[in-house]
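*Asks:* Please find one structure pasted underneath; my questions will follow.
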Amino acid sequence: MRVSLRWLREFVDLPMDDPIEIGDLLAGLGHEVEGIEMLEVPFTGVEIARVESIRPHPDADKIRLATVDRGGTTQEVVCGAWNFDVGDVVTLATVGAVLPGDFEIGAREIRGVVSEGMICSERELGFGDEHDGILVLEGDYELGRDLADYLELPDVVFDLSITPNRPDAMSMLGIARDVAAKLDLELREPAITITESDPPTKLQIEIADPVGCPRFVGREVRGVTSGPSPLWMQARLRAAGVRPISNLVDATNYVLMELGHPTHAFDLDQVAGEQLRIHRAGADDTLTTLDDVERALDPGDIVISDADGIVSLAGIMGGGPTEVSDETTRVLVEAAHWHPPAILYSSKRHNLRSEASARFERGIDPNLSDRAAARVAQLLVEHAGGEAATRIVDVYPEPAESWTVELPVSEIERVLGVDIGAETAAGLLVRLGMEVSGSDPLVVLVPTARPDLTRPIDLVEEVARLYGYDQIPETLPHGTGGGLTPDQHRARRLRAVLMGAGLTEANTLGFIGASDLDALGLPEDDPRRATVRVKNPLSEAEETLRSTLLPGLVKAAARNVSYGLRDVALFEMGRVFLHRPSSIDKRIPDQPPHLAGIMIGSVSGDLGGADREADVFDLTAVLDGLAVDLGWHDLSFRQAPVGGLHPGRSAEVVKGEEVIGYVGELHPAAARSFDLTGRIAVFEIEVDPLLAEPPWWGFRPPSVYPPQKFDLAFEMDSAMPAADLMAAVRSSLGDELESVRLFDEFDLGGGRKSLAVTVAVRAADHTLTDDEAQGFRHTIIDHVQSELAVKLRGGE
């Protein structure tokens, strides 16, 4: 939501002017500031003028000569627009004025006549895209006065992100109420006064679906004249991100932004029978909405009908037949309260999200409807020349009432860690419009504008917001059970190791679509395709819970690459959702934590060497280091095909005898699906096996005697993994085997290869003799040749 500082000051007298300080204040109230925009006057030298006379150009048919009064002085200008007459008030760019785009106005001869300035359109003034005619002003303006004086500029606009549970904050008044409460200032609400005139309205309202529409208020304003809104209203709407249209439409939009309650203006002469009925749509019903789209309605949609049929998709968008226009003279102002889930589902179903639906789906105050309708009627009377009819139609079968929440004073200290005191806490809640009685617990009467306040913890949050998060001291938990658990410590250590290896932590969405799994190239029988579907997905791209972290992580890396980053290394630790019951609760899917990583681009070479392209071995090294740091020395990699990975560059990650994940490089086709090229190294493993407590170390006195080392080279099939040879060597001896290291691989041709290892043996209590070392060597050779289809190169 965009909040204009000038507009905000109409409700509360802010003691500060610095935009950064005000932004910090809003952020401290829980309204994230996504941006701050400085609005300046986009022109100089533009004045208010009135057209005194118009005559044809002596040498042109499509332009005219207008004499304008600047407040005591007159001058003649040439104008090609035909949408104004004598007596109209216009904007005049005088000689020397500078318009947006650094366009300077001078005295200019046009077909033999000198034009002393220019009458401006909206686009020429930087107000909008309208350029079909000049800007004609309605209302009282002082001739010769600078146009900038009427624009409420300069201004500062704060772009706020309002949390879904705060529908009351989606308005200027709601933000002002929070600010006034925080600073303990007076809140000035709009004064709504309106004089009604007979005869009373004939409007009839019927609510056939009181669940979908708990309240409907209708007011008639007759005798209106469509035209432009006052400049100050247009300026405020533009600052709020709303395009001004006409005084009839702008009045509803202004109240939407001011009070946060959506309203709608019907052309009452187009409402058949001057009657409205609120009900659910039929299976075959259609409606052409204001955006000229014919929509097939659903039985779940709430609609408004007149005597001839459906005229509005309730809470989302009106219909074309009853839209106000330049010919409208009677307006029906509608202010209703709609069932939030129904509006949410209809908005998603029709892919039609509006400012109105964004508020209704969060749950606005049902007790605000009559006030919102009255405010719109007041603006129509003041700025469209209308008269409000007597008899307000307000159908409200079961009025909403405030509710009470009991807040134990001890709960405030328990949650916040600071003793604020009952009196202070009660005073803070009163500032927000609540009534507080009692001492402990505090009995709080919550207004209907705050549907988010239903529990004691909600009230604690309100106390914290006004007390100030920065006033709450930082303390560590104390007492029994305080501090981090061993798993939390190890999870922090895991993150620290990965960040130390150059990877950055990412957090991606927990939803994926079938297209994501297709892009990875997973075979149909891959277990990761057994996903848990979401009943009400936001889109087809987010229709299931993720069964793997890889799609989100690859897309995050691809996004970074698209922004020009050549080297990207990310990791994510989060839960996946498997299509099997949880061991904790059989009703929910299993949700094990996984760890995944991706590396793209180049990595530093050896000391003094050139950079090289990252590959699978960089991530195997990362995983090796991670396991060792966490106390595990039984992690290994076993070459195996993995769906989505390059068949020759993929492996299973094995801990002990258990497969806990995979590592490799994306298949080139999968990489192309994400607009990536080159080698894309990835891994994904289960977290719990690494976070488990490793076995206790056993102390073994080191031998003081020297080792005996020898090399062995074995010939084998090219497909045999080196890990099999290493495992066979390690299992051939007992404690005498100190280490084994692979140091050479040689292609012998014909599908055969040679692997060479260095073996170190050592005795704990004496120096090995040559005969003992030779015996160990024969034992290793015999054991390896009996376990594997290999033979010692060179023979013995």
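Identifiers in this document derive from the order of the structure tokens: chains are assigned A, B, ..., residues are numbered from 1 separately in each chain, and ligands are numbered from 1 in order of occurrence.
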Env of Thr544 of chain A: 10 Å cut, atoms = only C-alpha atoms, seq-sep filter 6 positions within chain, self excluded. Answer as a list in words.

*Replies:* Gly510, Phe511, Ile512, Gly513, Ala514, Ala530, Thr531, Val532, Arg533, Val534, Lys535, Asn536, Pro537 and Phe577 of chain A

*Asks:* Give the alpha helix (DSSP H) residues of segment 160-409 of chain A, as DSSP finds them on the backbone, and put them as a PyMOL selection string.

*Replies:* chain A and resi 172-183+231-239+247-259+340-349+355-360+369-384+409

*Asks:* Tell me, as a ChimeraX atom specification, which residues lie within 9 Å of segment 697-703 of chain A, counting only C-alpha atoms; anything in the same chain fewer than 3 positions away does not count.

*Replies:* /A:694,706,762-766

*Asks:* Once you have the residues from the selection above, write them out as a PDB file, in the first residue's frame, restricted to all heavy atoms.

*Replies:*
```pdb
ATOM      1  N   PRO A 694      27.370 -38.441  16.670  1.00  0.00           N
ATOM      2  CA  PRO A 694      28.329 -39.464  16.222  1.00  0.00           C
ATOM      3  C   PRO A 694      28.801 -40.321  17.402  1.00  0.00           C
ATOM      4  O   PRO A 694      28.686 -39.909  18.563  1.00  0.00           O
ATOM      5  CB  PRO A 694      29.479 -38.634  15.644  1.00  0.00           C
ATOM      6  CG  PRO A 694      29.409 -37.331  16.361  1.00  0.00           C
ATOM      7  CD  PRO A 694      27.944 -37.081  16.631  1.00  0.00           C
ATOM      8  N   PRO A 706      58.117 -46.601  13.071  1.00  0.00           N
ATOM      9  CA  PRO A 706      57.889 -46.107  11.698  1.00  0.00           C
ATOM     10  C   PRO A 706      56.988 -47.053  10.905  1.00  0.00           C
ATOM     11  O   PRO A 706      56.956 -48.259  11.160  1.00  0.00           O
ATOM     12  CB  PRO A 706      59.299 -46.057  11.106  1.00  0.00           C
ATOM     13  CG  PRO A 706      60.054 -47.098  11.863  1.00  0.00           C
ATOM     14  CD  PRO A 706      59.509 -47.071  13.265  1.00  0.00           C
ATOM     15  N   ARG A 762      51.684 -50.401   9.991  1.00  0.00           N
ATOM     16  CA  ARG A 762      52.525 -50.034  11.128  1.00  0.00           C
ATOM     17  C   ARG A 762      52.136 -50.922  12.319  1.00  0.00           C
ATOM     18  O   ARG A 762      50.957 -51.209  12.536  1.00  0.00           O
ATOM     19  CB  ARG A 762      52.309 -48.561  11.476  1.00  0.00           C
ATOM     20  CG  ARG A 762      53.286 -48.042  12.545  1.00  0.00           C
ATOM     21  CD  ARG A 762      52.806 -46.726  13.155  1.00  0.00           C
ATOM     22  NE  ARG A 762      52.523 -45.666  12.222  1.00  0.00           N
ATOM     23  CZ  ARG A 762      53.251 -44.559  12.057  1.00  0.00           C
ATOM     24  NH1 ARG A 762      54.365 -44.399  12.747  1.00  0.00           N
ATOM     25  NH2 ARG A 762      52.887 -43.618  11.206  1.00  0.00           N
ATOM     26  N   ALA A 763      53.107 -51.320  13.124  1.00  0.00           N
ATOM     27  CA  ALA A 763      52.850 -52.088  14.342  1.00  0.00           C
ATOM     28  C   ALA A 763      52.863 -51.152  15.525  1.00  0.00           C
ATOM     29  O   ALA A 763      53.553 -50.125  15.531  1.00  0.00           O
ATOM     30  CB  ALA A 763      53.902 -53.175  14.527  1.00  0.00           C
ATOM     31  N   ALA A 764      52.088 -51.478  16.549  1.00  0.00           N
ATOM     32  CA  ALA A 764      51.967 -50.607  17.713  1.00  0.00           C
ATOM     33  C   ALA A 764      53.148 -50.770  18.677  1.00  0.00           C
ATOM     34  O   ALA A 764      53.458 -49.834  19.428  1.00  0.00           O
ATOM     35  CB  ALA A 764      50.667 -50.897  18.442  1.00  0.00           C
ATOM     36  N   ASP A 765      53.844 -51.961  18.680  1.00  0.00           N
ATOM     37  CA  ASP A 765      54.821 -52.213  19.725  1.00  0.00           C
ATOM     38  C   ASP A 765      56.234 -52.522  19.208  1.00  0.00           C
ATOM     39  O   ASP A 765      57.125 -52.837  19.977  1.00  0.00           O
ATOM     40  CB  ASP A 765      54.356 -53.394  20.591  1.00  0.00           C
ATOM     41  CG  ASP A 765      54.046 -54.627  19.766  1.00  0.00           C
ATOM     42  OD1 ASP A 765      54.163 -54.555  18.513  1.00  0.00           O
ATOM     43  OD2 ASP A 765      53.663 -55.654  20.352  1.00  0.00           O
ATOM     44  N   HIS A 766      56.440 -52.475  17.887  1.00  0.00           N
ATOM     45  CA  HIS A 766      57.793 -52.715  17.389  1.00  0.00           C
ATOM     46  C   HIS A 766      57.892 -52.225  15.940  1.00  0.00           C
ATOM     47  O   HIS A 766      56.882 -51.939  15.303  1.00  0.00           O
ATOM     48  CB  HIS A 766      58.152 -54.218  17.458  1.00  0.00           C
ATOM     49  CG  HIS A 766      57.329 -55.066  16.526  1.00  0.00           C
ATOM     50  ND1 HIS A 766      56.018 -55.412  16.781  1.00  0.00           N
ATOM     51  CD2 HIS A 766      57.659 -55.629  15.315  1.00  0.00           C
ATOM     52  CE1 HIS A 766      55.548 -56.158  15.799  1.00  0.00           C
ATOM     53  NE2 HIS A 766      56.550 -56.312  14.888  1.00  0.00           N
TER      54      HIS A 766
END
```

*Asks:* Would you pick out the contacts of Leu287 of chain A at 8 Å or less, using only C-alpha atoms, so that residues sharing its chain but fewer than 2 positions from it are not included, and give the list as a short mmCIF file (atom, residue, chain, number, x, y, z; two decimals) with C-alpha atoms, in the first residue's frame?

*Replies:*
```cif
data_model
loop_
_atom_site.label_atom_id
_atom_site.label_comp_id
_atom_site.auth_asym_id
_atom_site.auth_seq_id
_atom_site.Cartn_x
_atom_site.Cartn_y
_atom_site.Cartn_z
CA ASP A 285 -24.62 -17.53 -15.50
CA THR A 289 -17.31 -6.98 -16.02
CA GLU A 294 -17.32 -11.87 -20.34
CA ARG A 295 -16.90 -14.24 -17.41
CA ALA A 296 -18.48 -17.64 -16.87
CA LEU A 297 -19.65 -17.61 -13.27
CA ILE A 310 -26.66 -10.05 -12.74
CA VAL A 311 -24.99 -6.63 -12.61
CA SER A 312 -21.92 -7.17 -10.40
CA LEU A 313 -19.43 -9.80 -9.25
CA GLY A 319 -20.67 -5.08 -14.46
#
```

*Asks:* Show me, as a list in words, the residues that have an atom within 8 Å of segment 192-197 of chain A when counting only C-alpha atoms, minus same-chain residues fewer than 2 positions from it.

*Replies:* Pro190, Pro199, Pro200, Arg371, Ala374, Arg375, Ala377, Gln378, Glu387, Ala388, Ala389 and Thr390 of chain A

*Asks:* Give me the residues near Pro695 of chain A as a PyMOL selection string, where near means some atom within 12 Å (using only C-alpha atoms) and where sequence neighbours in that chain fewer than 5 positions away do not count.

*Replies:* chain A and resi 630-634+690

*Asks:* With all heavy atoms kept, could you save the residues just selected as a PDB file, in the first residue's frame?

*Replies:*
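selection.pdb, written as the output of this step:
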```
ATOM      1  N   LEU A 630      31.341 -32.682  11.231  1.00  0.00           N
ATOM      2  CA  LEU A 630      30.276 -33.089  12.147  1.00  0.00           C
ATOM      3  C   LEU A 630      30.604 -34.388  12.874  1.00  0.00           C
ATOM      4  O   LEU A 630      29.774 -34.904  13.628  1.00  0.00           O
ATOM      5  CB  LEU A 630      28.954 -33.229  11.384  1.00  0.00           C
ATOM      6  CG  LEU A 630      28.377 -31.918  10.831  1.00  0.00           C
ATOM      7  CD1 LEU A 630      27.158 -32.205   9.969  1.00  0.00           C
ATOM      8  CD2 LEU A 630      28.010 -30.967  11.957  1.00  0.00           C
ATOM      9  N   GLY A 631      31.792 -34.930  12.645  1.00  0.00           N
ATOM     10  CA  GLY A 631      32.231 -36.095  13.401  1.00  0.00           C
ATOM     11  C   GLY A 631      32.009 -37.418  12.720  1.00  0.00           C
ATOM     12  O   GLY A 631      32.130 -38.469  13.362  1.00  0.00           O
ATOM     13  N   TRP A 632      31.693 -37.423  11.435  1.00  0.00           N
ATOM     14  CA  TRP A 632      31.446 -38.673  10.720  1.00  0.00           C
ATOM     15  C   TRP A 632      32.584 -38.921   9.732  1.00  0.00           C
ATOM     16  O   TRP A 632      32.981 -38.039   8.995  1.00  0.00           O
ATOM     17  CB  TRP A 632      30.119 -38.608   9.971  1.00  0.00           C
ATOM     18  CG  TRP A 632      28.925 -38.461  10.880  1.00  0.00           C
ATOM     19  CD1 TRP A 632      28.211 -37.341  11.111  1.00  0.00           C
ATOM     20  CD2 TRP A 632      28.365 -39.489  11.694  1.00  0.00           C
ATOM     21  NE1 TRP A 632      27.219 -37.588  12.014  1.00  0.00           N
ATOM     22  CE2 TRP A 632      27.277 -38.914  12.401  1.00  0.00           C
ATOM     23  CE3 TRP A 632      28.643 -40.844  11.911  1.00  0.00           C
ATOM     24  CZ2 TRP A 632      26.490 -39.618  13.285  1.00  0.00           C
ATOM     25  CZ3 TRP A 632      27.854 -41.555  12.788  1.00  0.00           C
ATOM     26  CH2 TRP A 632      26.787 -40.962  13.465  1.00  0.00           C
ATOM     27  N   HIS A 633      33.059 -40.180   9.724  1.00  0.00           N
ATOM     28  CA  HIS A 633      34.156 -40.554   8.838  1.00  0.00           C
ATOM     29  C   HIS A 633      33.782 -41.723   7.935  1.00  0.00           C
ATOM     30  O   HIS A 633      34.667 -42.383   7.371  1.00  0.00           O
ATOM     31  CB  HIS A 633      35.395 -40.917   9.662  1.00  0.00           C
ATOM     32  CG  HIS A 633      35.924 -39.769  10.467  1.00  0.00           C
ATOM     33  ND1 HIS A 633      36.878 -38.897   9.990  1.00  0.00           N
ATOM     34  CD2 HIS A 633      35.596 -39.332  11.715  1.00  0.00           C
ATOM     35  CE1 HIS A 633      37.133 -37.979  10.911  1.00  0.00           C
ATOM     36  NE2 HIS A 633      36.368 -38.222  11.964  1.00  0.00           N
ATOM     37  N   ASP A 634      32.463 -41.956   7.805  1.00  0.00           N
ATOM     38  CA  ASP A 634      32.027 -43.101   7.004  1.00  0.00           C
ATOM     39  C   ASP A 634      31.214 -42.677   5.793  1.00  0.00           C
ATOM     40  O   ASP A 634      30.389 -43.433   5.292  1.00  0.00           O
ATOM     41  CB  ASP A 634      31.210 -44.081   7.860  1.00  0.00           C
ATOM     42  CG  ASP A 634      29.990 -43.427   8.514  1.00  0.00           C
ATOM     43  OD1 ASP A 634      29.885 -42.181   8.456  1.00  0.00           O
ATOM     44  OD2 ASP A 634      29.148 -44.152   9.068  1.00  0.00           O
ATOM     45  N   LEU A 690      23.215 -36.872   9.330  1.00  0.00           N
ATOM     46  CA  LEU A 690      24.397 -36.072   9.652  1.00  0.00           C
ATOM     47  C   LEU A 690      24.260 -35.361  10.992  1.00  0.00           C
ATOM     48  O   LEU A 690      25.264 -35.103  11.669  1.00  0.00           O
ATOM     49  CB  LEU A 690      24.655 -35.037   8.550  1.00  0.00           C
ATOM     50  CG  LEU A 690      25.158 -35.570   7.207  1.00  0.00           C
ATOM     51  CD1 LEU A 690      25.402 -34.417   6.253  1.00  0.00           C
ATOM     52  CD2 LEU A 690      26.444 -36.369   7.389  1.00  0.00           C
TER      53      LEU A 690
END
```

*Asks:* Which residues are near Glu665 of chain A? Cut-off 6 Å, only C-alpha atoms, ignore same chain within fewer than 3 positions. Put them as a list in words.

*Replies:* Val616, Leu645, His646, Arg649, Ile680, Ala681 and Val682 of chain A

*Asks:* Segment 566-615 of chain A: which residues are strand (DSSP E) by DSSP, as a ChimeraX atom specification?

*Replies:* /A:568-575,578-581,589-590,593-600,602-603,612-613

*Asks:* Tell me which of A:Asp458, A:Val761, A:His339, A:Cys79 sits closest to Gly775 of chain A, counting only C-alpha atoms.

*Replies:* A:Val761

*Asks:* Determine the nearest neighbour of Lys709 of chain A from the options A:Glu657, A:Glu738, A:Asp365, A:Asp611, counting only C-alpha atoms.

*Replies:*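 Using only C-alpha atoms, Lys709 of chain A sits closest to A:Glu738.
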
*Asks:* Nearest residue to Gly678 of chain A out of A:Thr767, A:Gln204, A:Thr163, A:Ser602, using only C-alpha atoms?

*Replies:*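 Under the stated criterion, the closest residue is A:Ser602.
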
*Asks:* Can you build me a table of segment 224-291 of chain A residues sitting at most 10 Å from segment 124-141 of chain A, with the closest atom pair per residue and its distance in Å to one decimal, using only C-alpha atoms, sorted by chain and residue number, as CSV?

*Replies:*
```
residue,atom,partner,partner_atom,distance
A:Gly227,CA,A:Glu138,CA,7.4
A:Pro228,CA,A:Glu138,CA,6.4
A:Ser229,CA,A:Glu138,CA,7.1
A:Pro230,CA,A:Glu138,CA,6.5
A:Leu231,CA,A:Leu137,CA,7.8
A:Gln234,CA,A:Phe127,CA,9.0
A:Ala235,CA,A:Phe127,CA,8.5
A:Arg238,CA,A:Phe127,CA,8.2
A:Arg243,CA,A:Gly128,CA,8.0
A:Pro244,CA,A:Gly128,CA,8.9
A:Asn247,CA,A:Glu138,CA,9.8
```

*Asks:* Which is closer to Pro100 of chain A than all the others in A:Ala49, A:Val41, A:Leu755, A:Met118, using only C-alpha atoms?

*Replies:*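 Nearest candidate to Pro100 of chain A out of A:Ala49, A:Val41, A:Leu755, A:Met118: A:Val41.
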
*Asks:* Calculated over only C-alpha atoms, which of the candidates A:Ala180, A:Ile205, A:Val224, A:Ala81 has the smallest distance to Glu274 of chain A?

*Replies:*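 Using only C-alpha atoms, the shortest distance to Glu274 of chain A belongs to A:Ile205.
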
*Asks:* Between A:Val303, A:Leu248, A:Val156, A:Ala425, which has the minimum distance to Gly212 of chain A (counting only C-alpha atoms)?

*Replies:*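 When distances to Gly212 of chain A are compared using only C-alpha atoms, the smallest one comes from A:Val303.
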
*Asks:* Please produce, as a tab-separated table, a per-residue contact table for segment 159-242 of chain A versus segment 277-280 of chain A (criterion: any atom at most 12 Å away, only C-alpha atoms considered), showing the nearest atom pair and its distance in Å to one decimal, sorted by chain then residue number.

*Replies:*
```
residue	atom	partner	partner_atom	distance
A:Leu203	CA	A:Arg277	CA	11.1
A:Gln204	CA	A:Arg277	CA	8.5
A:Ile205	CA	A:Arg277	CA	6.0
A:Glu206	CA	A:Arg277	CA	4.7
A:Ile207	CA	A:Ile278	CA	4.9
A:Ala208	CA	A:His279	CA	5.2
A:Asp209	CA	A:His279	CA	5.2
A:Pro210	CA	A:Ile278	CA	8.6
A:Val211	CA	A:His279	CA	9.9
A:Gly212	CA	A:His279	CA	7.9
A:Cys213	CA	A:Ile278	CA	7.3
A:Pro214	CA	A:Ile278	CA	10.3
A:Arg215	CA	A:Ile278	CA	10.3
A:Phe216	CA	A:Ile278	CA	9.0
A:Val217	CA	A:Ile278	CA	11.9
A:Gly218	CA	A:Arg277	CA	12.0
```

*Asks:* Report the distance between atom CA of Asn367 of chain A and atom CA of Val255 of chain A in Å, rounded to one decimal place.

*Replies:*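 Separation between atom CA of Asn367 of chain A and atom CA of Val255 of chain A: 15.2 Å.
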